[in-house]
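So this one's target-v4.cif, mmCIF, C-alpha atoms:
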```
data_run
loop_
_atom_site.label_atom_id
_atom_site.label_comp_id
_atom_site.auth_asym_id
_atom_site.auth_seq_id
_atom_site.Cartn_x
_atom_site.Cartn_y
_atom_site.Cartn_z
CA MET A 1 170.57 152.73 -24.15
CA SER A 2 168.86 155.47 -26.13
CA PHE A 3 165.80 153.21 -26.41
CA ALA A 4 165.48 153.36 -22.63
CA LYS A 5 166.15 157.08 -22.69
CA GLU A 6 163.41 157.82 -25.23
CA PHE A 7 161.03 155.62 -23.25
CA SER A 8 161.71 157.12 -19.85
CA LYS A 9 161.57 160.79 -20.83
CA GLY A 10 157.80 160.53 -21.23
CA LEU A 11 157.38 159.24 -17.71
CA TRP A 12 158.74 162.27 -15.89
CA LYS A 13 160.88 164.78 -17.76
CA GLU A 14 158.36 165.45 -20.53
CA ILE A 15 155.26 163.93 -18.96
CA PRO A 16 152.14 165.21 -20.72
CA PRO A 17 150.02 167.10 -19.81
CA PHE A 18 151.87 168.36 -16.73
CA ARG A 19 155.20 169.23 -18.34
CA LEU A 20 154.15 169.39 -21.96
CA VAL A 21 150.89 171.31 -21.62
CA LEU A 22 149.21 169.44 -24.49
CA GLY A 23 146.20 167.19 -24.80
CA LEU A 24 144.21 169.16 -22.28
CA CYS A 25 140.68 168.45 -23.44
CA PRO A 26 140.61 164.73 -22.59
CA THR A 27 142.71 165.43 -19.50
CA LEU A 28 140.04 167.66 -18.04
CA ALA A 29 136.97 165.99 -19.43
CA VAL A 30 137.33 162.30 -18.61
CA THR A 31 139.18 162.39 -15.29
CA THR A 32 136.10 162.29 -13.09
CA ALA A 33 137.30 158.87 -11.86
CA ALA A 34 140.60 157.00 -11.86
CA GLN A 35 139.23 154.22 -14.04
CA ASN A 36 138.14 156.62 -16.80
CA GLY A 37 141.54 158.28 -16.77
CA LEU A 38 143.23 154.89 -17.08
CA GLY A 39 141.00 153.82 -19.98
CA MET A 40 141.46 157.09 -21.85
CA GLY A 41 145.23 156.96 -21.26
CA LEU A 42 145.55 153.41 -22.60
CA ALA A 43 143.42 154.20 -25.66
CA THR A 44 145.62 157.21 -26.42
CA THR A 45 148.77 155.13 -25.85
CA PHE A 46 147.61 152.59 -28.43
CA VAL A 47 146.96 155.32 -31.02
CA LEU A 48 150.26 157.02 -30.19
CA VAL A 49 152.34 153.84 -30.55
CA GLY A 50 150.54 152.77 -33.73
CA SER A 51 150.77 156.14 -35.45
CA ASN A 52 154.40 156.63 -34.39
CA ILE A 53 155.36 153.26 -35.91
CA ILE A 54 153.55 153.86 -39.21
CA VAL A 55 154.73 157.46 -39.54
CA SER A 56 158.29 156.34 -38.84
CA LEU A 57 158.04 153.53 -41.43
CA LEU A 58 156.71 155.93 -44.06
CA ARG A 59 158.89 158.89 -43.15
CA ASN A 60 160.93 158.71 -46.37
CA ILE A 61 157.91 158.14 -48.61
CA ILE A 62 155.49 160.87 -47.47
CA PRO A 63 156.19 164.15 -49.31
CA SER A 64 156.74 166.90 -46.78
CA LYS A 65 154.06 169.15 -48.30
CA VAL A 66 151.20 166.80 -47.48
CA ARG A 67 152.72 165.31 -44.35
CA ILE A 68 150.28 166.79 -41.81
CA ALA A 69 147.26 165.55 -43.78
CA SER A 70 148.88 162.12 -44.11
CA TYR A 71 149.63 161.97 -40.38
CA ILE A 72 146.04 162.88 -39.57
CA VAL A 73 144.71 160.09 -41.79
CA ILE A 74 147.09 157.58 -40.17
CA ILE A 75 146.07 158.73 -36.69
CA ALA A 76 142.38 158.68 -37.60
CA THR A 77 142.74 155.07 -38.79
CA PHE A 78 144.08 153.97 -35.42
CA VAL A 79 141.39 155.94 -33.61
CA VAL A 80 138.71 154.11 -35.59
CA ILE A 81 140.32 150.79 -34.56
CA VAL A 82 140.29 151.83 -30.89
CA GLU A 83 136.71 153.03 -31.13
CA LEU A 84 135.44 149.80 -32.69
CA VAL A 85 137.40 147.61 -30.26
CA MET A 86 136.13 149.53 -27.23
CA GLN A 87 132.58 149.44 -28.55
CA ALA A 88 132.84 145.67 -28.84
CA TYR A 89 134.66 144.73 -25.63
CA PHE A 90 134.53 147.66 -23.17
CA TYR A 91 131.07 149.04 -23.80
CA PRO A 92 130.48 150.72 -20.37
CA LEU A 93 133.80 152.58 -20.61
CA TYR A 94 133.04 153.45 -24.24
CA LYS A 95 129.77 155.01 -23.09
CA VAL A 96 131.49 157.08 -20.37
CA LEU A 97 134.32 158.38 -22.56
CA GLY A 98 131.83 159.07 -25.36
CA ILE A 99 132.86 161.73 -27.83
CA PHE A 100 136.37 161.93 -26.41
CA ILE A 101 137.42 158.66 -28.09
CA PRO A 102 136.95 160.01 -31.64
CA LEU A 103 138.53 163.23 -30.44
CA ILE A 104 141.86 161.43 -29.88
CA VAL A 105 142.37 162.34 -33.57
CA VAL A 106 142.86 165.97 -32.67
CA ASN A 107 144.83 165.31 -29.49
CA CYS A 108 147.86 167.54 -30.01
CA ILE A 109 150.13 165.04 -28.25
CA VAL A 110 149.63 162.41 -30.95
CA LEU A 111 150.16 164.75 -33.90
CA GLY A 112 152.96 166.47 -32.01
CA ARG A 113 154.93 163.23 -31.55
CA ALA A 114 154.39 162.24 -35.18
CA GLU A 115 155.72 165.58 -36.38
CA ALA A 116 158.44 166.17 -33.80
CA PHE A 117 159.76 162.64 -33.32
CA ALA A 118 158.49 159.80 -35.51
CA SER A 119 159.05 161.68 -38.79
CA LYS A 120 162.73 162.01 -37.96
CA ASN A 121 163.63 158.78 -36.15
CA GLY A 122 163.71 155.02 -36.72
CA VAL A 123 160.94 152.57 -35.90
CA ALA A 124 162.36 151.23 -32.62
CA LEU A 125 163.02 154.69 -31.18
CA SER A 126 159.60 155.94 -32.31
CA LEU A 127 157.97 152.97 -30.62
CA ALA A 128 159.84 153.75 -27.39
CA ASP A 129 158.89 157.40 -27.65
CA GLY A 130 155.20 156.65 -28.25
CA LEU A 131 155.08 154.08 -25.46
CA GLY A 132 156.83 156.38 -22.99
CA ILE A 133 154.76 159.47 -23.72
CA GLY A 134 151.59 157.35 -23.83
CA LEU A 135 152.23 155.68 -20.48
CA GLY A 136 153.22 159.02 -18.97
CA PHE A 137 149.92 160.45 -20.18
CA THR A 138 148.10 157.41 -18.74
CA MET A 139 149.80 157.89 -15.36
CA ALA A 140 148.92 161.57 -15.33
CA LEU A 141 145.27 160.95 -16.22
CA THR A 142 144.94 158.14 -13.68
CA PHE A 143 146.52 160.33 -11.01
CA LEU A 144 144.28 163.30 -11.76
CA GLY A 145 141.24 161.00 -11.95
CA GLY A 146 142.29 159.38 -8.65
CA VAL A 147 142.61 162.71 -6.85
CA ARG A 148 139.25 163.92 -8.11
CA GLU A 149 137.58 160.58 -7.32
CA ILE A 150 139.01 160.30 -3.80
CA PHE A 151 138.02 163.81 -2.75
CA GLY A 152 134.98 164.19 -4.96
CA LYS A 153 133.31 160.83 -4.31
CA GLY A 154 135.33 159.26 -1.49
CA THR A 155 136.21 156.23 -3.62
CA LEU A 156 139.16 154.98 -5.68
CA PHE A 157 138.56 152.68 -8.67
CA GLY A 158 135.02 152.37 -7.27
CA HIS A 159 136.10 151.13 -3.82
CA ALA A 160 135.00 153.15 -0.81
CA LEU A 161 138.03 154.72 0.76
CA MET A 162 137.21 157.52 3.10
CA GLY A 163 134.76 155.98 5.59
CA ALA A 164 131.15 156.87 6.24
CA SER A 165 131.79 160.18 8.00
CA PHE A 166 133.52 161.69 4.92
CA GLU A 167 131.51 164.36 3.16
CA PRO A 168 132.51 164.22 -0.55
CA LEU A 169 133.43 167.51 -2.21
CA SER A 170 131.20 166.82 -5.20
CA PHE A 171 132.39 170.13 -6.67
CA LEU A 172 135.62 168.36 -7.68
CA VAL A 173 134.00 165.91 -10.08
CA LYS A 174 132.18 168.75 -11.83
CA ALA A 175 133.67 170.96 -14.56
CA PRO A 176 135.20 173.74 -12.39
CA GLY A 177 136.89 171.17 -10.15
CA ALA A 178 138.80 169.81 -13.14
CA PHE A 179 140.35 173.21 -13.88
CA LEU A 180 141.18 173.86 -10.21
CA CYS A 181 142.75 170.42 -9.70
CA LEU A 182 144.93 170.75 -12.79
CA GLY A 183 145.99 174.27 -11.79
CA VAL A 184 147.02 173.14 -8.33
CA ILE A 185 148.87 170.10 -9.69
CA LEU A 186 150.80 172.26 -12.18
CA ALA A 187 151.79 174.56 -9.32
CA LEU A 188 152.91 171.58 -7.22
CA MET A 189 154.99 170.28 -10.15
CA ASN A 190 156.70 173.70 -10.29
CA VAL A 191 157.43 173.58 -6.56
CA ILE A 192 158.90 170.07 -6.84
CA SER A 193 161.06 170.81 -9.87
CA ASP A 194 162.38 174.07 -8.41
CA ARG A 195 163.95 172.21 -5.51
CA MET B 196 111.48 178.08 -29.74
CA GLU B 197 113.34 174.83 -30.17
CA PHE B 198 116.09 176.66 -32.06
CA PHE B 199 116.35 179.15 -29.23
CA VAL B 200 116.85 176.36 -26.71
CA ILE B 201 119.56 174.72 -28.83
CA PHE B 202 121.29 178.06 -29.32
CA MET B 203 121.26 179.13 -25.66
CA SER B 204 122.28 175.68 -24.54
CA ALA B 205 125.34 175.65 -26.84
CA LEU B 206 126.18 179.28 -26.01
CA LEU B 207 125.89 179.34 -22.23
CA VAL B 208 124.58 176.29 -20.42
CA ASN B 209 126.72 173.65 -22.08
CA ASN B 210 129.45 176.06 -23.04
CA PHE B 211 131.92 174.13 -25.17
CA VAL B 212 134.99 175.29 -23.34
CA LEU B 213 133.84 175.55 -19.76
CA SER B 214 131.49 172.63 -19.51
CA TYR B 215 132.34 170.20 -22.34
CA PHE B 216 136.10 170.85 -22.21
CA LEU B 217 136.40 171.21 -25.97
CA GLY B 218 138.92 173.60 -27.46
CA ILE B 219 140.95 174.00 -24.27
CA CYS B 220 144.29 174.27 -26.11
CA PRO B 221 143.49 177.52 -27.98
CA PHE B 222 141.50 178.69 -24.94
CA VAL B 223 144.68 178.54 -22.86
CA GLY B 224 147.14 179.33 -25.65
CA VAL B 225 145.52 182.35 -27.32
CA SER B 226 143.83 184.08 -24.36
CA ASN B 227 146.78 186.33 -23.52
CA ARG B 228 145.43 189.38 -25.32
CA LEU B 229 141.93 190.58 -25.92
CA ASP B 230 142.17 191.39 -29.64
CA SER B 231 143.84 188.13 -30.67
CA ALA B 232 141.36 186.19 -28.51
CA PHE B 233 138.48 187.85 -30.33
CA SER B 234 140.00 187.14 -33.77
CA MET B 235 140.54 183.53 -32.79
CA GLY B 236 136.96 183.24 -31.56
CA MET B 237 135.55 184.65 -34.79
CA ALA B 238 137.74 182.42 -36.96
CA VAL B 239 136.68 179.38 -34.95
CA THR B 240 132.99 180.31 -35.18
CA PHE B 241 133.27 180.67 -38.95
CA VAL B 242 135.11 177.40 -39.57
CA MET B 243 132.97 175.62 -37.01
CA SER B 244 129.66 176.49 -38.70
CA LEU B 245 131.02 175.61 -42.15
CA ALA B 246 132.55 172.35 -40.93
CA ALA B 247 129.40 171.29 -39.08
CA VAL B 248 127.21 171.95 -42.11
CA VAL B 249 129.50 170.15 -44.59
CA SER B 250 130.06 167.22 -42.21
CA TRP B 251 126.32 166.97 -41.67
CA ALA B 252 125.77 166.76 -45.41
CA ILE B 253 128.51 164.18 -45.92
CA TYR B 254 127.28 162.00 -43.07
CA ASN B 255 123.59 162.09 -43.91
CA LEU B 256 123.76 162.20 -47.70
CA VAL B 257 126.77 159.98 -48.41
CA LEU B 258 127.94 157.84 -45.49
CA VAL B 259 124.54 156.67 -44.26
CA LYS B 260 123.35 155.95 -47.79
CA TYR B 261 126.24 153.59 -48.51
CA GLY B 262 126.56 152.13 -44.98
CA LEU B 263 129.96 153.69 -44.41
CA GLU B 264 129.34 155.22 -40.96
CA PHE B 265 132.66 153.88 -39.68
CA LEU B 266 134.41 156.40 -41.95
CA GLU B 267 132.82 159.22 -39.91
CA ILE B 268 135.99 160.29 -38.10
CA VAL B 269 138.33 160.07 -41.09
CA SER B 270 136.01 161.95 -43.43
CA PHE B 271 135.14 164.66 -40.89
CA ILE B 272 138.76 165.43 -40.10
CA LEU B 273 139.55 165.60 -43.81
CA VAL B 274 136.62 167.98 -44.32
CA ILE B 275 137.89 170.21 -41.53
CA ALA B 276 141.49 170.19 -42.73
CA SER B 277 140.51 171.07 -46.29
CA LEU B 278 138.00 173.72 -45.14
CA VAL B 279 140.67 175.41 -43.05
CA GLN B 280 142.95 175.38 -46.08
CA LEU B 281 140.21 176.84 -48.29
CA VAL B 282 139.25 179.52 -45.77
CA GLU B 283 142.90 180.45 -45.42
CA MET B 284 143.33 180.88 -49.20
CA PHE B 285 140.03 182.75 -49.45
CA ILE B 286 140.86 185.21 -46.66
CA ARG B 287 144.35 185.78 -48.03
CA ARG B 288 142.84 186.80 -51.39
CA MET B 289 139.88 188.78 -50.13
CA SER B 290 141.22 190.54 -47.06
CA PRO B 291 144.98 190.63 -46.47
CA VAL B 292 144.41 192.71 -43.33
CA LEU B 293 142.23 190.08 -41.73
CA TYR B 294 144.73 187.44 -42.86
CA GLN B 295 147.50 189.28 -41.04
CA THR B 296 145.42 189.55 -37.87
CA LEU B 297 144.55 185.87 -37.77
CA GLY B 298 148.03 184.78 -38.80
CA ILE B 299 149.08 181.54 -37.21
CA TYR B 300 145.67 180.88 -35.65
CA LEU B 301 144.08 179.81 -38.92
CA PRO B 302 146.03 176.57 -39.51
CA LEU B 303 145.82 175.82 -35.78
CA ILE B 304 142.05 175.57 -36.06
CA THR B 305 142.42 172.16 -37.72
CA THR B 306 143.49 170.60 -34.44
CA ASN B 307 140.91 172.47 -32.38
CA CYS B 308 138.86 169.65 -30.95
CA ALA B 309 135.81 171.89 -30.58
CA ILE B 310 135.40 171.88 -34.38
CA LEU B 311 135.45 168.11 -34.73
CA GLY B 312 133.42 167.96 -31.52
CA VAL B 313 130.58 170.06 -32.97
CA ALA B 314 130.49 167.97 -36.15
CA LEU B 315 130.38 164.72 -34.15
CA LEU B 316 127.85 165.98 -31.60
CA ALA B 317 125.49 167.25 -34.30
CA VAL B 318 125.44 163.77 -35.82
CA LEU B 319 125.19 162.11 -32.41
CA LYS B 320 122.20 164.24 -31.42
CA GLN B 321 120.58 163.56 -34.81
CA TYR B 322 120.00 167.24 -35.49
CA THR B 323 118.30 168.34 -38.69
CA PHE B 324 120.16 170.63 -41.08
CA ALA B 325 118.71 173.83 -39.60
CA GLU B 326 119.35 172.65 -36.04
CA THR B 327 122.96 171.90 -36.96
CA VAL B 328 123.42 175.46 -38.21
CA VAL B 329 121.97 176.97 -35.03
CA PHE B 330 123.92 174.56 -32.81
CA SER B 331 127.28 175.24 -34.48
CA VAL B 332 126.87 179.02 -34.51
CA GLY B 333 125.84 178.95 -30.83
CA ALA B 334 128.81 176.76 -29.96
CA GLY B 335 131.20 179.02 -31.85
CA LEU B 336 129.87 182.17 -30.18
CA GLY B 337 130.08 180.36 -26.84
CA PHE B 338 133.74 179.64 -27.52
CA THR B 339 134.28 183.30 -28.45
CA LEU B 340 132.52 184.47 -25.29
CA ALA B 341 134.62 182.20 -23.06
CA ILE B 342 137.96 183.08 -24.66
CA VAL B 343 137.22 186.84 -24.69
CA VAL B 344 136.16 186.89 -21.02
CA MET B 345 139.24 184.82 -20.17
CA ALA B 346 141.54 187.19 -22.09
CA GLY B 347 140.01 190.16 -20.28
CA ILE B 348 140.75 188.56 -16.92
CA ARG B 349 144.26 187.54 -17.94
CA GLU B 350 145.16 191.05 -19.07
CA GLU B 351 144.31 192.20 -15.54
CA LEU B 352 146.21 189.27 -14.02
CA ASP B 353 149.44 190.52 -15.64
CA ALA B 354 149.51 193.28 -13.05
CA ALA B 355 148.65 190.98 -10.14
CA ASP B 356 151.15 189.49 -7.72
CA VAL B 357 150.75 185.77 -8.38
CA PRO B 358 152.64 183.31 -6.10
CA ALA B 359 155.67 181.98 -8.00
CA PRO B 360 154.61 178.31 -8.44
CA PHE B 361 151.25 179.35 -9.88
CA ARG B 362 152.70 181.62 -12.56
CA GLY B 363 151.97 180.64 -16.15
CA ALA B 364 149.64 177.73 -16.74
CA GLY B 365 148.74 177.19 -13.05
CA ILE B 366 146.92 180.47 -12.47
CA THR B 367 145.30 180.21 -15.90
CA PHE B 368 143.59 176.98 -14.92
CA ILE B 369 142.53 178.30 -11.52
CA THR B 370 141.00 181.31 -13.30
CA ALA B 371 139.28 179.03 -15.80
CA GLY B 372 137.92 177.01 -12.87
CA ILE B 373 136.33 180.06 -11.30
CA LEU B 374 134.96 181.09 -14.70
CA ALA B 375 133.48 177.60 -15.15
CA LEU B 376 131.91 177.95 -11.71
CA THR B 377 130.16 181.16 -12.73
CA PHE B 378 128.95 179.54 -15.96
CA MET B 379 127.38 176.78 -13.85
CA GLY B 380 124.99 179.50 -12.72
CA PHE B 381 123.37 179.32 -16.17
CA SER B 382 122.49 175.68 -15.72
CA GLY B 383 118.88 176.37 -14.74
CA LEU B 384 118.27 178.59 -17.76
CA VAL B 385 117.30 175.94 -20.29
CA ARG B 386 117.39 172.22 -19.90
#
```

Translate the structure of the given file into structure tokens.
Amino acid sequence: MSFAKEFSKGLWKEIPPFRLVLGLCPTLAVTTAAQNGLGMGLATTFVLVGSNIIVSLLRNIIPSKVRIASYIVIIATFVVIVELVMQAYFYPLYKVLGIFIPLIVVNCIVLGRAEAFASKNGVALSLADGLGIGLGFTMALTFLGGVREIFGKGTLFGHALMGASFEPLSFLVKAPGAFLCLGVILALMNVISDR
Amino acid sequence: MEFFVIFMSALLVNNFVLSYFLGICPFVGVSNRLDSAFSMGMAVTFVMSLAAVVSWAIYNLVLVKYGLEFLEIVSFILVIASLVQLVEMFIRRMSPVLYQTLGIYLPLITTNCAILGVALLAVLKQYTFAETVVFSVGAGLGFTLAIVVMAGIREELDAADVPAPFRGAGITFITAGILALTFMGFSGLVR
């Protein structure tokens, strides 16, 4: 029961980055296309689940004074795994995401879940929490990437969508478009949740 | 001349916040008031230059020599975390006033992705030692510039009548978008 609860809260109630305004750098930087958002989201999910499990397993061993440093080392280890795996098997995506893969280390969502949840709860619940928040983050990034790709390039996952007469708003796939899109989406979320 | 190009590029053209999207969290979180934004910017610039220089030394003098490049991320983040700790202790001893002003922002710098970003980018671009110094100082001042301008705008926004759904984070991002648009005007300055 509570397993399902911890899992599902990440998908809507606490969906990052829309509800929990955390992890903004990758959110804005890589969502120029739906596929990049999806890849970044899944990479983060892997790190989140892995670090949540290890932090939860070690929660009674790590002294509280050095906990943040220990969490960062655990997270960094998983990030190195993701980076090497992507380099080996998903090289084009690795090239596009670039510096933002190593930067998962300092994604506040990952450290935030380790500190706020995994250090206080059991392994199963921490896994559910990491998976839920991670998939919520993936959904959000894919959605934002999709919106920017559809209106900015007229495609979705690389498939032409809007027909030949559509003039793409290339502004949206550039830096300012990322800020504007996120601002409008946050406002829409407020409108929906105020109902 | 080359140093000038690197500096201007990090400061304006490829501004870390508005064009690379690095350090967005403090950019949004600490840009409420002008004075705290400036303190944050200065603290970030200081830690950023130190971190970039030390990371550069560790990467080029230790990791490459022993073929341990895969430890790049782990060692850099440890360098940054310990530097922040050191700087915090140092400032507390030397200048309690400054310590009070910076307050909570100091420890927060550890998870500022702009810091790790500068260290990683300097290695990625294969900068020399001197270029790394110029690059990191330019990037830090660019961060300061962006966050101070943003704080100035947001102080004015407090008095504006913002539509209800946009209040809070929404209008902040719209503002940042327009700011990013103006910074795009620098893109012809240096390549």

Resolved residues for the PyMOL selection byres ((chain A) within 6 of (chain B)) as a PyMOL selection string: chain A and resi 25+29+76+106+175-176+179-180+183+186-187+190-191

Selection result for the PyMOL selection byres ((chain A and resi 94) around 12) on this file, as a list in words: Val30, Gln35, Asn36, Gly39, Met40, Ala43, Val82, Glu83, Leu84, Val85, Met86, Gln87, Ala88, Tyr89, Phe90, Tyr91, Pro92, Leu93, Lys95, Val96, Leu97, Gly98, Ile99, Phe100, Ile101 and Pro102 of chain A

Residues returned when the PyMOL selection byres ((chain B and resi 302) around 12) runs on this file, as number ranges by chain: A: 68-69; B: 221, 235, 238-239, 242, 275-284, 294, 297-301, 303-307

Atom CA of A:Leu22 to atom CA of B:Leu207, straight-line distance in Å: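 Interatomic distance here is 25.4 Å.
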
Test item: residues at most 10 Å from A:Phe171, all atoms listed in the file, excluding those fewer than 6 positions along its chain, as an MDAnalysis selection string: (chainID A and resid 148 151:153 177:178) or (chainID B and resid 376)

Interatomic distance, atom CA of A:Ser165 to atom CA of A:Cys181 (Å, one decimal):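 Taking atom CA of A:Ser165 as the start and atom CA of A:Cys181 as the end point, the length is 23.2 Å.
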
Distance in Å - atom CA of B:Ala314 versus atom CA of B:Leu263: 16.5 Å

12 Å contact set for A:Ala116, only C-alpha atoms, chain neighbours under 2 positions out, as an MDAnalysis selection string: chainID A and resid 52 55:56 59 68 71 108:114 118:121 126 129:130

Output the selection as a PDB file, in the frame of the given file - C-alpha atoms for each residue.
```pdb
ATOM      1  CA  ASN A  52     154.400 156.630 -34.390  1.00  0.00           C
ATOM      2  CA  VAL A  55     154.730 157.460 -39.540  1.00  0.00           C
ATOM      3  CA  SER A  56     158.290 156.340 -38.840  1.00  0.00           C
ATOM      4  CA  ARG A  59     158.890 158.890 -43.150  1.00  0.00           C
ATOM      5  CA  ILE A  68     150.280 166.790 -41.810  1.00  0.00           C
ATOM      6  CA  TYR A  71     149.630 161.970 -40.380  1.00  0.00           C
ATOM      7  CA  CYS A 108     147.860 167.540 -30.010  1.00  0.00           C
ATOM      8  CA  ILE A 109     150.130 165.040 -28.250  1.00  0.00           C
ATOM      9  CA  VAL A 110     149.630 162.410 -30.950  1.00  0.00           C
ATOM     10  CA  LEU A 111     150.160 164.750 -33.900  1.00  0.00           C
ATOM     11  CA  GLY A 112     152.960 166.470 -32.010  1.00  0.00           C
ATOM     12  CA  ARG A 113     154.930 163.230 -31.550  1.00  0.00           C
ATOM     13  CA  ALA A 114     154.390 162.240 -35.180  1.00  0.00           C
ATOM     14  CA  ALA A 118     158.490 159.800 -35.510  1.00  0.00           C
ATOM     15  CA  SER A 119     159.050 161.680 -38.790  1.00  0.00           C
ATOM     16  CA  LYS A 120     162.730 162.010 -37.960  1.00  0.00           C
ATOM     17  CA  ASN A 121     163.630 158.780 -36.150  1.00  0.00           C
ATOM     18  CA  SER A 126     159.600 155.940 -32.310  1.00  0.00           C
ATOM     19  CA  ASP A 129     158.890 157.400 -27.650  1.00  0.00           C
ATOM     20  CA  GLY A 130     155.200 156.650 -28.250  1.00  0.00           C
TER      21      GLY A 130
END
```

Which of A:Gly41, A:Gly23, A:Pro17, A:Gly132 sits closest to A:Phe3 [using only C-alpha atoms]: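 Nearest to A:Phe3: A:Gly132.
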
A:Leu11, A:Thr142, A:Phe18, A:Ile62 ranked by distance to A:Val184, top pick (using only C-alpha atoms):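 The answer is A:Phe18, which sits nearest to A:Val184.
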
Nearest to A:Ile72 by atom-to-atom distance, counting all atoms listed in the file, from A:Val147, A:Val105, A:Met139, A:Ala33: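 Between A:Val147, A:Val105, A:Met139, A:Ala33, the residue approaching A:Ile72 most closely is A:Val105.
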
Local residues around (125.9, 179.2, -31.4), at most 10 Å away, using all atoms listed in the file, as a list of chain:residue names: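 Output: B:Phe199, B:Ile201, B:Phe202, B:Met203, B:Ser204, B:Ala205, B:Leu206, B:Leu207, B:Asn210, B:Thr240, B:Met243, B:Ser244, B:Thr327, B:Val328, B:Val329, B:Phe330, B:Ser331, B:Val332, B:Gly333, B:Ala334, B:Gly335, B:Leu336, B:Gly337, B:Phe338, B:Thr339.
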
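Taking all atoms listed in the file into account, A:Leu28 lies nearest to A:Ala140 out of the set A:Ser170, A:Val123, A:Ala140, A:Leu161.
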
Taking all atoms of stretch 349-361 of chain B that the file lists and extending 8 Å past them on each side, where is the centre of the axis-aligned box and how long are its edges? Answer in Å to one decimal, as JSON.
```
{"center_x": 150.0, "center_y": 185.8, "center_z": -12.6, "size_x": 27.4, "size_y": 31.0, "size_z": 29.0}
```

Residues near stretch 230-233 of chain B, cut-off 7 Å, all atoms listed in the file, skip fewer than 2 positions along chain, as a list in words: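 Contacts, in chain order: Val225, Ser226, Arg228, Met235, Gly236, Met237, Thr339, Ile342, Val343 and Ala346 of chain B.
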
Give me stretch 5-16 of chain A with N, CA, C and O atoms filled in, as a PDB file, keeping the file's coordinate frame.
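Just written: selection.pdb:
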```pdb
ATOM      1  N   LYS A   5     166.215 155.638 -22.932  1.00  0.00           N
ATOM      2  CA  LYS A   5     166.150 157.080 -22.690  1.00  0.00           C
ATOM      3  C   LYS A   5     164.869 157.672 -23.301  1.00  0.00           C
ATOM      4  O   LYS A   5     164.160 158.444 -22.651  1.00  0.00           O
ATOM      5  N   GLU A   6     164.595 157.295 -24.577  1.00  0.00           N
ATOM      6  CA  GLU A   6     163.410 157.820 -25.230  1.00  0.00           C
ATOM      7  C   GLU A   6     162.142 157.375 -24.509  1.00  0.00           C
ATOM      8  O   GLU A   6     161.158 158.099 -24.448  1.00  0.00           O
ATOM      9  N   PHE A   7     162.194 156.137 -23.957  1.00  0.00           N
ATOM     10  CA  PHE A   7     161.030 155.620 -23.250  1.00  0.00           C
ATOM     11  C   PHE A   7     160.801 156.392 -21.959  1.00  0.00           C
ATOM     12  O   PHE A   7     159.686 156.829 -21.661  1.00  0.00           O
ATOM     13  N   SER A   8     161.895 156.609 -21.203  1.00  0.00           N
ATOM     14  CA  SER A   8     161.710 157.120 -19.850  1.00  0.00           C
ATOM     15  C   SER A   8     161.438 158.624 -19.826  1.00  0.00           C
ATOM     16  O   SER A   8     160.890 159.128 -18.856  1.00  0.00           O
ATOM     17  N   LYS A   9     161.785 159.342 -20.898  1.00  0.00           N
ATOM     18  CA  LYS A   9     161.570 160.790 -20.830  1.00  0.00           C
ATOM     19  C   LYS A   9     160.081 161.144 -20.716  1.00  0.00           C
ATOM     20  O   LYS A   9     159.723 162.130 -20.098  1.00  0.00           O
ATOM     21  N   GLY A  10     159.234 160.273 -21.300  1.00  0.00           N
ATOM     22  CA  GLY A  10     157.800 160.530 -21.230  1.00  0.00           C
ATOM     23  C   GLY A  10     157.228 160.334 -19.847  1.00  0.00           C
ATOM     24  O   GLY A  10     156.142 160.824 -19.546  1.00  0.00           O
ATOM     25  N   LEU A  11     157.948 159.584 -19.011  1.00  0.00           N
ATOM     26  CA  LEU A  11     157.380 159.240 -17.710  1.00  0.00           C
ATOM     27  C   LEU A  11     157.598 160.331 -16.667  1.00  0.00           C
ATOM     28  O   LEU A  11     156.879 160.390 -15.685  1.00  0.00           O
ATOM     29  N   TRP A  12     158.582 161.203 -16.849  1.00  0.00           N
ATOM     30  CA  TRP A  12     158.740 162.270 -15.890  1.00  0.00           C
ATOM     31  C   TRP A  12     159.183 163.581 -16.538  1.00  0.00           C
ATOM     32  O   TRP A  12     158.506 164.589 -16.436  1.00  0.00           O
ATOM     33  N   LYS A  13     160.290 163.525 -17.282  1.00  0.00           N
ATOM     34  CA  LYS A  13     160.880 164.780 -17.760  1.00  0.00           C
ATOM     35  C   LYS A  13     159.931 165.523 -18.701  1.00  0.00           C
ATOM     36  O   LYS A  13     159.834 166.739 -18.654  1.00  0.00           O
ATOM     37  N   GLU A  14     159.267 164.788 -19.583  1.00  0.00           N
ATOM     38  CA  GLU A  14     158.360 165.450 -20.530  1.00  0.00           C
ATOM     39  C   GLU A  14     156.939 164.945 -20.372  1.00  0.00           C
ATOM     40  O   GLU A  14     156.194 164.858 -21.341  1.00  0.00           O
ATOM     41  N   ILE A  15     156.562 164.578 -19.149  1.00  0.00           N
ATOM     42  CA  ILE A  15     155.260 163.930 -18.960  1.00  0.00           C
ATOM     43  C   ILE A  15     154.116 164.858 -19.388  1.00  0.00           C
ATOM     44  O   ILE A  15     154.006 165.978 -18.912  1.00  0.00           O
ATOM     45  N   PRO A  16     153.313 164.410 -20.372  1.00  0.00           N
ATOM     46  CA  PRO A  16     152.140 165.210 -20.720  1.00  0.00           C
ATOM     47  C   PRO A  16     151.005 164.843 -19.772  1.00  0.00           C
ATOM     48  O   PRO A  16     150.949 163.692 -19.345  1.00  0.00           O
TER      49      PRO A  16
END
```
